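Peer 1: Contents of structure_6.txt (compact mmCIF, C-alpha atoms and all ligand atoms) are below:
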```txt
# COMPACT_ATOMS: atom_id res chain seq x y z
CA MET A 1 -30.53 -2.64 -5.48
CA THR A 2 -27.35 -4.65 -5.33
CA ARG A 3 -26.72 -6.73 -2.25
CA LYS A 4 -23.46 -6.53 -0.40
CA PRO A 5 -21.35 -9.57 -1.21
CA VAL A 6 -20.67 -12.14 1.49
CA THR A 7 -17.00 -13.03 1.21
CA ALA A 8 -14.91 -16.09 2.07
CA LEU A 9 -11.15 -16.47 2.10
CA ILE A 10 -10.14 -20.06 1.32
CA VAL A 11 -6.54 -21.00 2.16
CA VAL A 12 -5.62 -24.09 0.15
CA ASP A 13 -3.13 -26.66 1.46
CA LEU A 14 -0.63 -24.32 3.12
CA GLN A 15 1.09 -27.32 4.73
CA ASN A 16 4.68 -28.26 5.56
CA ASP A 17 4.98 -30.82 2.76
CA PHE A 18 4.25 -28.17 0.12
CA VAL A 19 6.82 -25.59 1.24
CA PRO A 20 10.61 -25.86 0.77
CA GLY A 21 11.95 -28.74 2.88
CA GLY A 22 8.69 -30.67 2.49
CA ALA A 23 8.04 -33.90 0.62
CA LEU A 24 6.32 -32.21 -2.33
CA ALA A 25 7.89 -28.79 -2.05
CA VAL A 26 6.48 -26.06 -4.25
CA ASN A 27 9.17 -23.65 -5.39
CA GLU A 28 8.90 -20.46 -3.27
CA GLY A 29 5.83 -21.90 -1.56
CA HIS A 30 6.83 -20.22 1.71
CA ARG A 31 6.84 -16.79 0.04
CA ILE A 32 3.05 -16.61 0.20
CA ILE A 33 2.94 -17.01 3.98
CA PRO A 34 3.22 -13.30 4.94
CA LEU A 35 0.64 -12.39 2.30
CA VAL A 36 -1.80 -15.01 3.55
CA ASP A 37 -1.25 -13.79 7.08
CA GLU A 38 -2.03 -10.21 6.06
CA LEU A 39 -5.11 -11.27 4.12
CA LEU A 40 -6.39 -13.08 7.22
CA SER A 41 -6.46 -9.75 9.06
CA LEU A 42 -8.95 -8.34 6.52
CA PRO A 43 -12.68 -8.54 7.27
CA PHE A 44 -13.65 -11.54 5.14
CA ASP A 45 -16.97 -12.87 6.45
CA VAL A 46 -15.71 -16.44 6.41
CA LYS A 47 -12.13 -17.73 6.73
CA VAL A 48 -11.50 -21.40 6.06
CA ALA A 49 -8.61 -23.62 5.07
CA THR A 50 -8.13 -26.99 3.45
CA LYS A 51 -5.64 -29.72 4.21
CA ASP A 52 -4.44 -32.40 1.84
CA TRP A 53 -4.96 -35.35 4.19
CA HIS A 54 -4.00 -38.72 2.78
CA PRO A 55 -4.07 -42.15 4.38
CA LYS A 56 -0.68 -43.86 4.13
CA ASN A 57 -0.56 -46.00 0.97
CA HIS A 58 -2.77 -43.47 -0.80
CA GLY A 59 -3.40 -44.21 -4.49
CA SER A 60 -1.67 -40.96 -5.55
CA PHE A 61 1.66 -42.02 -4.03
CA ALA A 62 4.28 -43.52 -6.37
CA GLN A 63 5.45 -45.74 -3.50
CA THR A 64 2.02 -47.37 -3.17
CA HIS A 65 2.37 -48.77 -6.70
CA GLY A 66 6.13 -49.38 -6.72
CA LYS A 67 6.36 -46.77 -9.47
CA ARG A 68 8.22 -43.52 -9.95
CA THR A 69 7.16 -40.01 -9.11
CA GLY A 70 5.70 -38.36 -12.19
CA ASP A 71 4.47 -41.62 -13.71
CA VAL A 72 0.84 -41.56 -14.76
CA ILE A 73 -1.53 -44.44 -13.99
CA ILE A 74 -5.26 -45.01 -14.23
CA LEU A 75 -6.80 -44.98 -10.78
CA GLN A 76 -10.50 -45.95 -10.69
CA GLY A 77 -10.81 -44.95 -14.34
CA ILE A 78 -9.16 -41.56 -13.83
CA GLU A 79 -5.68 -40.48 -14.94
CA GLN A 80 -3.51 -40.01 -11.87
CA ILE A 81 -0.07 -38.43 -11.69
CA LEU A 82 1.99 -40.22 -9.05
CA TRP A 83 3.49 -38.00 -6.36
CA PRO A 84 6.02 -38.52 -3.62
CA THR A 85 4.41 -39.61 -0.36
CA HIS A 86 3.05 -36.40 1.17
CA CYS A 87 0.55 -35.02 3.68
CA VAL A 88 -0.02 -38.33 5.43
CA GLN A 89 -2.77 -37.92 8.04
CA GLY A 90 -1.33 -36.89 11.39
CA SER A 91 2.25 -36.47 10.10
CA LEU A 92 4.35 -33.34 10.59
CA GLY A 93 4.29 -32.81 6.82
CA ALA A 94 0.51 -32.53 6.94
CA ASP A 95 0.55 -29.82 9.60
CA PHE A 96 -0.02 -26.24 8.55
CA ALA A 97 3.22 -24.50 7.59
CA SER A 98 4.32 -22.11 10.32
CA GLY A 99 4.31 -18.32 10.15
CA TRP A 100 0.65 -17.50 9.66
CA ASN A 101 -2.13 -17.07 12.13
CA THR A 102 -4.07 -20.30 11.77
CA ASN A 103 -6.18 -19.29 14.79
CA LYS A 104 -8.13 -17.06 12.42
CA ILE A 105 -9.27 -20.13 10.46
CA GLU A 106 -12.76 -21.06 11.64
CA LYS A 107 -12.94 -24.46 9.94
CA VAL A 108 -10.59 -26.86 8.15
CA PHE A 109 -11.78 -29.12 5.32
CA HIS A 110 -9.81 -32.30 4.60
CA LYS A 111 -9.39 -33.77 1.16
CA GLY A 112 -7.75 -36.78 -0.47
CA THR A 113 -8.88 -38.88 2.48
CA GLU A 114 -10.11 -41.81 0.37
CA THR A 115 -7.37 -44.35 -0.47
CA HIS A 116 -8.44 -45.04 -4.05
CA ILE A 117 -9.13 -41.57 -5.37
CA ASP A 118 -7.32 -38.24 -5.26
CA SER A 119 -8.87 -34.85 -4.65
CA TYR A 120 -7.26 -31.76 -6.09
CA SER A 121 -10.35 -29.62 -5.68
CA THR A 122 -11.28 -28.43 -2.23
CA PHE A 123 -14.92 -29.07 -3.14
CA PHE A 124 -14.99 -32.60 -4.66
CA ASP A 125 -12.74 -35.59 -5.30
CA ASN A 126 -11.32 -35.98 -8.81
CA GLY A 127 -14.27 -38.17 -9.85
CA HIS A 128 -16.78 -35.61 -8.50
CA LEU A 129 -18.28 -38.43 -6.42
CA HIS A 130 -17.97 -37.01 -2.91
CA ALA A 131 -18.15 -33.49 -1.59
CA THR A 132 -15.80 -32.27 1.14
CA GLY A 133 -18.56 -30.26 2.81
CA LEU A 134 -17.06 -26.91 1.85
CA GLU A 135 -19.83 -25.97 -0.59
CA GLU A 136 -22.52 -26.76 1.98
CA TYR A 137 -20.67 -24.71 4.59
CA LEU A 138 -20.34 -21.70 2.29
CA ARG A 139 -24.01 -21.90 1.26
CA LYS A 140 -25.12 -22.01 4.91
CA LYS A 141 -23.19 -18.79 5.48
CA SER A 142 -24.73 -17.28 2.31
CA VAL A 143 -21.29 -16.73 0.79
CA THR A 144 -21.40 -15.15 -2.66
CA ASP A 145 -17.73 -14.34 -3.31
CA VAL A 146 -14.78 -16.66 -2.72
CA TYR A 147 -11.12 -15.63 -2.67
CA LEU A 148 -8.57 -18.43 -3.09
CA VAL A 149 -4.94 -18.46 -2.02
CA GLY A 150 -2.44 -21.26 -1.37
CA LEU A 151 -0.66 -24.19 -2.96
CA ALA A 152 -0.43 -25.30 -5.62
CA THR A 153 -1.63 -22.94 -8.36
CA ASP A 154 -1.52 -25.63 -11.06
CA TYR A 155 -3.27 -28.38 -9.04
CA CYS A 156 -5.33 -27.81 -5.94
CA VAL A 157 -5.87 -24.09 -6.40
CA LYS A 158 -6.75 -24.53 -10.08
CA TYR A 159 -9.29 -27.33 -9.60
CA SER A 160 -10.83 -25.58 -6.60
CA VAL A 161 -11.22 -22.38 -8.60
CA LEU A 162 -12.75 -24.20 -11.58
CA ASP A 163 -15.28 -25.88 -9.26
CA ALA A 164 -16.04 -22.60 -7.46
CA CYS A 165 -16.84 -21.00 -10.83
CA LYS A 166 -19.04 -23.96 -11.85
CA LEU A 167 -20.86 -23.77 -8.51
CA GLY A 168 -21.73 -20.16 -9.27
CA PHE A 169 -19.55 -18.37 -6.74
CA ASN A 170 -18.03 -15.08 -7.80
CA THR A 171 -14.46 -16.36 -7.74
CA TYR A 172 -11.20 -14.48 -7.17
CA VAL A 173 -7.69 -15.92 -7.35
CA ILE A 174 -5.16 -13.87 -5.41
CA VAL A 175 -2.30 -14.63 -7.75
CA ASP A 176 0.65 -13.44 -5.66
CA ALA A 177 -0.60 -15.50 -2.71
CA CYS A 178 -0.34 -18.73 -4.72
CA ARG A 179 2.57 -20.73 -6.14
CA GLY A 180 2.66 -23.67 -8.56
CA VAL A 181 4.44 -27.02 -8.78
CA ASN A 182 5.40 -26.46 -12.45
CA LEU A 183 6.17 -30.02 -13.51
CA LYS A 184 6.38 -28.19 -16.83
CA PRO A 185 7.71 -24.61 -16.56
CA GLN A 186 4.60 -22.98 -18.03
CA ASP A 187 2.05 -24.91 -15.92
CA THR A 188 1.28 -22.07 -13.50
CA GLU A 189 0.73 -19.53 -16.26
CA GLN A 190 -1.44 -21.96 -18.18
CA ALA A 191 -3.46 -22.76 -15.07
CA LEU A 192 -4.11 -19.06 -14.46
CA GLN A 193 -5.33 -18.63 -18.05
CA GLU A 194 -7.67 -21.63 -17.64
CA MET A 195 -9.09 -20.15 -14.44
CA LYS A 196 -9.60 -16.81 -16.15
CA ALA A 197 -11.32 -18.47 -19.11
CA ALA A 198 -13.67 -20.20 -16.65
CA GLY A 199 -14.71 -16.79 -15.30
CA ALA A 200 -12.40 -16.35 -12.31
CA HIS A 201 -11.02 -12.90 -11.56
CA LEU A 202 -7.23 -12.80 -11.26
CA VAL A 203 -6.21 -10.19 -8.67
CA MET A 204 -3.20 -9.24 -6.56
CA SER A 205 -3.28 -9.05 -2.76
CA ASN A 206 -2.73 -5.27 -2.97
CA ASP A 207 -5.97 -4.91 -4.91
CA ILE A 208 -8.02 -6.11 -1.95
CA THR A 209 -8.59 -2.89 -0.11
CA GLU A 210 -12.30 -3.13 0.56
CA LEU A 211 -14.55 -6.12 0.93
C1 LIG B 1 -1.49 -31.08 -4.42
C2 LIG B 1 -0.40 -32.63 -5.72
C3 LIG B 1 -0.80 -33.65 -4.88
C4 LIG B 1 -1.84 -29.65 -4.17
C5 LIG B 1 -1.90 -32.09 -3.57
O1 LIG B 1 -2.18 -29.29 -3.02
O2 LIG B 1 -1.79 -28.85 -5.14
N1 LIG B 1 -0.75 -31.36 -5.49
N2 LIG B 1 -1.54 -33.37 -3.81
ZN ZN B 2 -2.02 -34.82 -2.36
```
I'd like the structure from this file rewritten - as structure tokens, please.
Ligand code: VGL
Ligand code: ZN
Peer 2:
Amino acid sequence: MTRKPVTALIVVDLQNDFVPGGALAVNEGHRIIPLVDELLSLPFDVKVATKDWHPKNHGSFAQTHGKRTGDVIILQGIEQILWPTHCVQGSLGADFASGWNTNKIEKVFHKGTETHIDSYSTFFDNGHLHATGLEEYLRKKSVTDVYLVGLATDYCVKYSVLDACKLGFNTYVIVDACRGVNLKPQDTEQALQEMKAAGAHLVMSNDITEL
């Protein structure tokens, strides 16, 4: 007998700084908002979101080091791309983008909160030293299947999906409800192929008719 899956929708970093007008705007990032809103009306068993939530002077900010955006440094032994200052704790840029029903989100997990290490994955920091609590939360709710949407496909979505696969969740990426930064033009496509190779299922929001 096969058990009915227990499903979770995970909305990654759908924040002002990642949509057009924001400090680290993802091209067309706002286009996913109506899709995310529609997905939130479906009967996923669990609905959570993450927020990139950096202290000011975070180690991933170019400004912190007097360097330029896009430069790469070694931060605590890990390669770190330097970004414009974004998603500073409590700032307007760190708020959820408007236009989707955030009331349906039962819990928000914060990441990138430690000054000296970044966290692309919604599960662990980039050194895999600390967990955000998301895995524990999903396990407590007996979640088997996770569906990821949000920003950005080639960073936070990608690393979250790779971790979800490693952790043994049946992992779906809802491709049209994600957008990438594309520092290089092919980054999003390459990220999707990496996620697929890791065992994630690439689906479109239209495909999700029954859960
Ligand atoms: C992200 C770069 C820096 C993301 C967060 O949410 O994909 N990208 N911080
Ligand atoms: Zn960040």
Peer 1: From the options A:Leu42, A:Val181, A:Leu24, A:Ala8, which residue's atoms come nearest to Leu138 in chain A, counting all atoms listed in the file?
Peer 2: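 Using all atoms listed in the file, the shortest distance to Leu138 in chain A belongs to A:Ala8.
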Peer 1: Which neighbours of Asp154 in chain A fall inside 10 Å, counting only C-alpha atoms, when residues of the same chain fewer than 5 positions from it are skipped, and could you give them as JSON, numbers by chain?
Peer 2: {"A": [120, 159, 178, 179, 180, 181, 182, 183, 186, 187, 188, 189, 190, 191, 192, 194, 195]}
Peer 1: Report as a list in words all protein, DNA and RNA residues lying within 9 Å of Gly70 in chain A, evaluated on only C-alpha atoms, omitting residues in the same chain fewer than 5 positions from it.
Peer 2: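 The neighbour list is Ala62, Ile81, Leu82, Trp83, Pro84 and Leu183 of chain A.
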Peer 1: Write as a ChimeraX atom specification the residues around ligand LIG 1 (chain B), taking 8 Å as the cut-off and counting only C-alpha atoms and all ligand atoms.
Peer 2: /A:12-13,18,24,52,60,83,86-87,112,118-120,151-157,180-181
Peer 1: Next, dump the selected residues to file, keeping only C-alpha atoms, as a PDB file, in the frame of the given file.
Peer 2:
```
ATOM      1  CA  VAL A  12      -5.620 -24.090   0.150  1.00  0.00           C
ATOM      2  CA  ASP A  13      -3.130 -26.660   1.460  1.00  0.00           C
ATOM      3  CA  PHE A  18       4.250 -28.170   0.120  1.00  0.00           C
ATOM      4  CA  LEU A  24       6.320 -32.210  -2.330  1.00  0.00           C
ATOM      5  CA  ASP A  52      -4.440 -32.400   1.840  1.00  0.00           C
ATOM      6  CA  SER A  60      -1.670 -40.960  -5.550  1.00  0.00           C
ATOM      7  CA  TRP A  83       3.490 -38.000  -6.360  1.00  0.00           C
ATOM      8  CA  HIS A  86       3.050 -36.400   1.170  1.00  0.00           C
ATOM      9  CA  CYS A  87       0.550 -35.020   3.680  1.00  0.00           C
ATOM     10  CA  GLY A 112      -7.750 -36.780  -0.470  1.00  0.00           C
ATOM     11  CA  ASP A 118      -7.320 -38.240  -5.260  1.00  0.00           C
ATOM     12  CA  SER A 119      -8.870 -34.850  -4.650  1.00  0.00           C
ATOM     13  CA  TYR A 120      -7.260 -31.760  -6.090  1.00  0.00           C
ATOM     14  CA  LEU A 151      -0.660 -24.190  -2.960  1.00  0.00           C
ATOM     15  CA  ALA A 152      -0.430 -25.300  -5.620  1.00  0.00           C
ATOM     16  CA  THR A 153      -1.630 -22.940  -8.360  1.00  0.00           C
ATOM     17  CA  ASP A 154      -1.520 -25.630 -11.060  1.00  0.00           C
ATOM     18  CA  TYR A 155      -3.270 -28.380  -9.040  1.00  0.00           C
ATOM     19  CA  CYS A 156      -5.330 -27.810  -5.940  1.00  0.00           C
ATOM     20  CA  VAL A 157      -5.870 -24.090  -6.400  1.00  0.00           C
ATOM     21  CA  GLY A 180       2.660 -23.670  -8.560  1.00  0.00           C
ATOM     22  CA  VAL A 181       4.440 -27.020  -8.780  1.00  0.00           C
TER      23      VAL A 181
END
```
Peer 1: Find the residues near Arg3 in chain A: any atom within 12 Å, counting all atoms listed in the file, skip ones fewer than 6 places away on the same chain, and give them as number ranges by chain.
Peer 2: A: 142-145
Peer 1: Could you work out how far CA of Ala49 in chain A lies from CA of Glu106 in chain A, giving the answer in Å with one decimal?
Peer 2: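 According to the coordinates, CA of Glu106 in chain A and CA of Ala49 in chain A are separated by 8.2 Å.
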Peer 1: Hey, which of A:Lys4, A:Gly93, A:His65, A:Gln80 ends up closest to Gly21 in chain A? Count only C-alpha atoms.
Peer 2: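 Once distances to Gly21 in chain A are computed over only C-alpha atoms, the minimum belongs to A:Gly93.
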Peer 1: Write out N, CA and C atoms for range 17-41 of chain A, as a PDB file, keeping the file's coordinate frame.
Peer 2:
```pdb
ATOM      1  N   ASP A  17       4.467 -30.032   3.895  1.00  0.00           N
ATOM      2  CA  ASP A  17       4.980 -30.820   2.760  1.00  0.00           C
ATOM      3  C   ASP A  17       4.991 -30.043   1.445  1.00  0.00           C
ATOM      4  N   PHE A  18       4.289 -28.929   1.369  1.00  0.00           N
ATOM      5  CA  PHE A  18       4.250 -28.170   0.120  1.00  0.00           C
ATOM      6  C   PHE A  18       5.166 -26.944   0.130  1.00  0.00           C
ATOM      7  N   VAL A  19       5.868 -26.716   1.215  1.00  0.00           N
ATOM      8  CA  VAL A  19       6.820 -25.590   1.240  1.00  0.00           C
ATOM      9  C   VAL A  19       8.244 -26.172   1.224  1.00  0.00           C
ATOM     10  N   PRO A  20       9.246 -25.343   0.866  1.00  0.00           N
ATOM     11  CA  PRO A  20      10.610 -25.860   0.770  1.00  0.00           C
ATOM     12  C   PRO A  20      11.016 -26.651   2.016  1.00  0.00           C
ATOM     13  N   GLY A  21      11.623 -27.820   1.791  1.00  0.00           N
ATOM     14  CA  GLY A  21      11.950 -28.740   2.880  1.00  0.00           C
ATOM     15  C   GLY A  21      10.937 -29.850   3.001  1.00  0.00           C
ATOM     16  N   GLY A  22       9.760 -29.673   2.414  1.00  0.00           N
ATOM     17  CA  GLY A  22       8.690 -30.670   2.490  1.00  0.00           C
ATOM     18  C   GLY A  22       8.802 -31.716   1.401  1.00  0.00           C
ATOM     19  N   ALA A  23       7.961 -32.743   1.514  1.00  0.00           N
ATOM     20  CA  ALA A  23       8.040 -33.900   0.620  1.00  0.00           C
ATOM     21  C   ALA A  23       7.638 -33.578  -0.816  1.00  0.00           C
ATOM     22  N   LEU A  24       6.768 -32.602  -0.982  1.00  0.00           N
ATOM     23  CA  LEU A  24       6.320 -32.210  -2.330  1.00  0.00           C
ATOM     24  C   LEU A  24       6.425 -30.691  -2.403  1.00  0.00           C
ATOM     25  N   ALA A  25       7.645 -30.226  -2.209  1.00  0.00           N
ATOM     26  CA  ALA A  25       7.890 -28.790  -2.050  1.00  0.00           C
ATOM     27  C   ALA A  25       7.557 -28.022  -3.323  1.00  0.00           C
ATOM     28  N   VAL A  26       6.795 -26.970  -3.159  1.00  0.00           N
ATOM     29  CA  VAL A  26       6.480 -26.060  -4.250  1.00  0.00           C
ATOM     30  C   VAL A  26       7.524 -24.941  -4.192  1.00  0.00           C
ATOM     31  N   ASN A  27       8.152 -24.687  -5.325  1.00  0.00           N
ATOM     32  CA  ASN A  27       9.170 -23.650  -5.390  1.00  0.00           C
ATOM     33  C   ASN A  27       8.620 -22.326  -4.841  1.00  0.00           C
ATOM     34  N   GLU A  28       9.312 -21.730  -3.889  1.00  0.00           N
ATOM     35  CA  GLU A  28       8.900 -20.460  -3.270  1.00  0.00           C
ATOM     36  C   GLU A  28       7.569 -20.545  -2.528  1.00  0.00           C
ATOM     37  N   GLY A  29       7.123 -21.747  -2.218  1.00  0.00           N
ATOM     38  CA  GLY A  29       5.830 -21.900  -1.560  1.00  0.00           C
ATOM     39  C   GLY A  29       5.720 -21.078  -0.277  1.00  0.00           C
ATOM     40  N   HIS A  30       6.825 -20.963   0.431  1.00  0.00           N
ATOM     41  CA  HIS A  30       6.830 -20.220   1.710  1.00  0.00           C
ATOM     42  C   HIS A  30       6.659 -18.712   1.507  1.00  0.00           C
ATOM     43  N   ARG A  31       6.911 -18.240   0.285  1.00  0.00           N
ATOM     44  CA  ARG A  31       6.840 -16.790   0.040  1.00  0.00           C
ATOM     45  C   ARG A  31       5.421 -16.241   0.191  1.00  0.00           C
ATOM     46  N   ILE A  32       4.436 -17.102   0.096  1.00  0.00           N
ATOM     47  CA  ILE A  32       3.050 -16.610   0.200  1.00  0.00           C
ATOM     48  C   ILE A  32       2.619 -16.430   1.657  1.00  0.00           C
ATOM     49  N   ILE A  33       3.392 -16.982   2.585  1.00  0.00           N
ATOM     50  CA  ILE A  33       2.940 -17.010   3.980  1.00  0.00           C
ATOM     51  C   ILE A  33       2.644 -15.615   4.558  1.00  0.00           C
ATOM     52  N   PRO A  34       3.553 -14.627   4.400  1.00  0.00           N
ATOM     53  CA  PRO A  34       3.220 -13.300   4.940  1.00  0.00           C
ATOM     54  C   PRO A  34       2.000 -12.663   4.276  1.00  0.00           C
ATOM     55  N   LEU A  35       1.806 -12.948   2.995  1.00  0.00           N
ATOM     56  CA  LEU A  35       0.640 -12.390   2.300  1.00  0.00           C
ATOM     57  C   LEU A  35      -0.646 -13.014   2.829  1.00  0.00           C
ATOM     58  N   VAL A  36      -0.622 -14.318   3.014  1.00  0.00           N
ATOM     59  CA  VAL A  36      -1.800 -15.010   3.550  1.00  0.00           C
ATOM     60  C   VAL A  36      -2.108 -14.481   4.946  1.00  0.00           C
ATOM     61  N   ASP A  37      -1.065 -14.281   5.717  1.00  0.00           N
ATOM     62  CA  ASP A  37      -1.250 -13.790   7.080  1.00  0.00           C
ATOM     63  C   ASP A  37      -1.893 -12.404   7.088  1.00  0.00           C
ATOM     64  N   GLU A  38      -1.450 -11.551   6.172  1.00  0.00           N
ATOM     65  CA  GLU A  38      -2.030 -10.210   6.060  1.00  0.00           C
ATOM     66  C   GLU A  38      -3.480 -10.272   5.607  1.00  0.00           C
ATOM     67  N   LEU A  39      -3.739 -11.134   4.629  1.00  0.00           N
ATOM     68  CA  LEU A  39      -5.110 -11.270   4.120  1.00  0.00           C
ATOM     69  C   LEU A  39      -6.056 -11.725   5.228  1.00  0.00           C
ATOM     70  N   LEU A  40      -5.553 -12.564   6.120  1.00  0.00           N
ATOM     71  CA  LEU A  40      -6.390 -13.080   7.220  1.00  0.00           C
ATOM     72  C   LEU A  40      -6.788 -11.978   8.199  1.00  0.00           C
ATOM     73  N   SER A  41      -6.080 -10.853   8.166  1.00  0.00           N
ATOM     74  CA  SER A  41      -6.460  -9.750   9.060  1.00  0.00           C
ATOM     75  C   SER A  41      -7.543  -8.867   8.438  1.00  0.00           C
TER      76      SER A  41
END
```
